[in-house]
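J.: Structure provided below as structure tokens; questions to follow.
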Amino acid sequence: MSSILVNYEGSVQIISFNRPNKLNAISFQCYNEVTKALKEGANNDTVFLTILTGVGKAYSSGTDLFDSSIIDIEDRLIATRNFVRAFIDYPKLLVALVNGPAIGIACTTLGLCDLVYATKTATFSCPFHKLGLTVEGCSSVTFPLIMGKTRATEFLYSGKTLNAIDAQKIGLVNEIINEGVSGRNQLINKITTELAFYKLPIVYSKSMMLNGVITRDELHEANDREIERLKERFNSDDFQNSIANYFKQRMLKNKL
């Protein structure tokens with residue numbers, strides 16, 4: 001069974017995280033399928049816009065740390081690196097519709113999207129340090145550019161959760177839209193009406209805007225640095241102890 005849904009509506013590709021029973025946590029399979037879908041969108045001449053969203057009440061709760069399909073950390077990190085690379089290299093308009101919690105890498109990769117829209121139920125958090133882990137998704141460079149250094153520092157270090165209004169205030173979200181299918185259709189109509197007539201100019205402008213602020217090479221370097229540090233962190237006592245504590249708390253909760 002696929003961990004994502006990929007639909008096409010005219011020139012719009014819609015990629016939906018599809019593990020609602022796990023709050024759309026990103027498994028090894030999901031990392032690879034999203035990477036493949038983004039490459040397909042990039043190579044499809046009819047696609048002008050790709051929208052990322054989630055099925056159910058969550059956008060995505062981030063990496064599935066308890067994914068039983070993968071044991072080797074190296075394989076997990078290769079899939080993560082390739083996933084982020086697909087965001088960096090996507091040449092067309094890449095839009096996130098955050099329809100619930102966006103946690104961890106699901107939140108950090110928002111900084112690699114061109115536009116971010118959110119429903120009122122959307123929340124944003126990066127609780128990496130609570131797990132003994134470090135930032136990913138190029139957020140070590142994109143978030144300071146988007147939010148300013150002090151706000152990015154507070155958000156990434158504290159692991160606190162932002163609602164949609166607060167995320168909009170710091171520049172992570174462009175606009176808050178309606179829930180459900182009506183909100184998605186509103187978004188598609190808005191973007192295709194306002195921008196679809198200017199496909200090539202927008203693609204060219206995206207390339208120049210990216211190079212004017214930070215180059216793709218610099219983003220790839222940031223991704224590689226973050227992955228190398230995560231490799232060390234996944235093997236650290238900090239991470240192992242946090243996972244052990246999680247299972248201990250879950251067992252105690254189940255006994256009550």
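Naming works like this for the structure tokens: A, B, ... for the chains as they're shown, residue 1 at the start of each chain, ligands 1 onward in shown order.
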Ser27 of chain A: which residues within 9 Å, counting only C-alpha atoms, same-chain residues fewer than 2 positions away excluded, as a ChimeraX atom specification?
T.: /A:3,24-25,29-32,62-70,76
J.: For segment 60-123 of chain A versus segment 145-157 of chain A, which residues have an atom no more than 10 Å away, and what is each residue's nearest atom pair and distance in Å rounded to one decimal, using only C-alpha atoms, chain-then-number order, as a tab-separated table?
T.:
```
residue	atom	partner	partner_atom	distance
A:Gly104	CA	A:Leu156	CA	9.8
A:Thr108	CA	A:Leu156	CA	9.4
A:Gly111	CA	A:Ile146	CA	7.5
```
J.: So that I can check the surroundings of Thr123 of chain A, please list as a PyMOL selection string every protein, DNA and RNA residue that reaches within 12 Å of it, counting only C-alpha atoms and ignoring chain neighbours fewer than 4 positions away.
T.: chain A and resi 57-61+97-104+106-107+117-119+160-168+172-173+176
J.: List every residue of segment 74-139 of chain A that DSSP, applied to the backbone of this structure, assigns to strand (DSSP E or B), and report them as a PyMOL selection string.
T.: chain A and resi 93-98+101-103+115-118+123-125
J.: Output C-alpha atoms for every residue in the selection just made, as a PDB file, in the first residue's frame.
T.:
```pdb
ATOM      1  CA  LEU A  93       6.144  26.140  -7.859  1.00  0.00           C
ATOM      2  CA  LEU A  94       6.153  24.083  -4.635  1.00  0.00           C
ATOM      3  CA  VAL A  95       3.349  24.855  -2.203  1.00  0.00           C
ATOM      4  CA  ALA A  96       2.546  23.349   1.203  1.00  0.00           C
ATOM      5  CA  LEU A  97      -1.013  23.201   2.502  1.00  0.00           C
ATOM      6  CA  VAL A  98      -0.575  22.462   6.208  1.00  0.00           C
ATOM      7  CA  PRO A 101       0.330  19.275  12.938  1.00  0.00           C
ATOM      8  CA  ALA A 102       3.610  19.698  11.024  1.00  0.00           C
ATOM      9  CA  ILE A 103       6.339  18.229  13.183  1.00  0.00           C
ATOM     10  CA  LEU A 115       4.493  29.264  -0.563  1.00  0.00           C
ATOM     11  CA  VAL A 116       3.003  27.886   2.657  1.00  0.00           C
ATOM     12  CA  TYR A 117      -0.710  27.978   3.454  1.00  0.00           C
ATOM     13  CA  ALA A 118      -2.262  26.686   6.661  1.00  0.00           C
ATOM     14  CA  THR A 123       0.509  23.630  14.295  1.00  0.00           C
ATOM     15  CA  PHE A 124       4.272  23.749  13.834  1.00  0.00           C
ATOM     16  CA  SER A 125       6.998  22.246  16.023  1.00  0.00           C
TER      17      SER A 125
END
```
J.: Which one is closest to Asn245 of chain A: A:Lys120, A:Lys39, A:Lys130, A:Arg229? Count only C-alpha atoms.
T.: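 For Asn245 of chain A, the nearest of the candidates is A:Lys130.
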J.: Give me the residues within 8 Å of segment 7-14 of chain A as an NGL selection string, counting only C-alpha atoms and dropping any in the same chain fewer than 2 places off.
T.: :A and (5 or 16 or 41 or 46-53 or 188)
J.: Could you state the separation of atom CA of Glu74 of chain A and atom CA of Glu136 of chain A in Å, given to one decimal place?
T.: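 Spanning atom CA of Glu74 of chain A to atom CA of Glu136 of chain A is a straight-line distance of 15.3 Å.
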J.: Between A:Ala244, A:Pro91, A:Ser140, A:Arg233, which one has atoms that come closest to Lys199 of chain A, using only C-alpha atoms?
T.: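 Residue with the minimum atom-to-atom distance to Lys199 of chain A: A:Pro91.
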J.: Just how far from atom CA of Tyr204 of chain A is atom CA of Gly137 of chain A, in Å to one decimal?
T.: 23.6 Å
J.: Per DSSP on the backbone, what are the alpha helix (DSSP H) residues of segment 2-101 of chain A, as a ChimeraX atom specification?
T.: /A:28-43,73-89
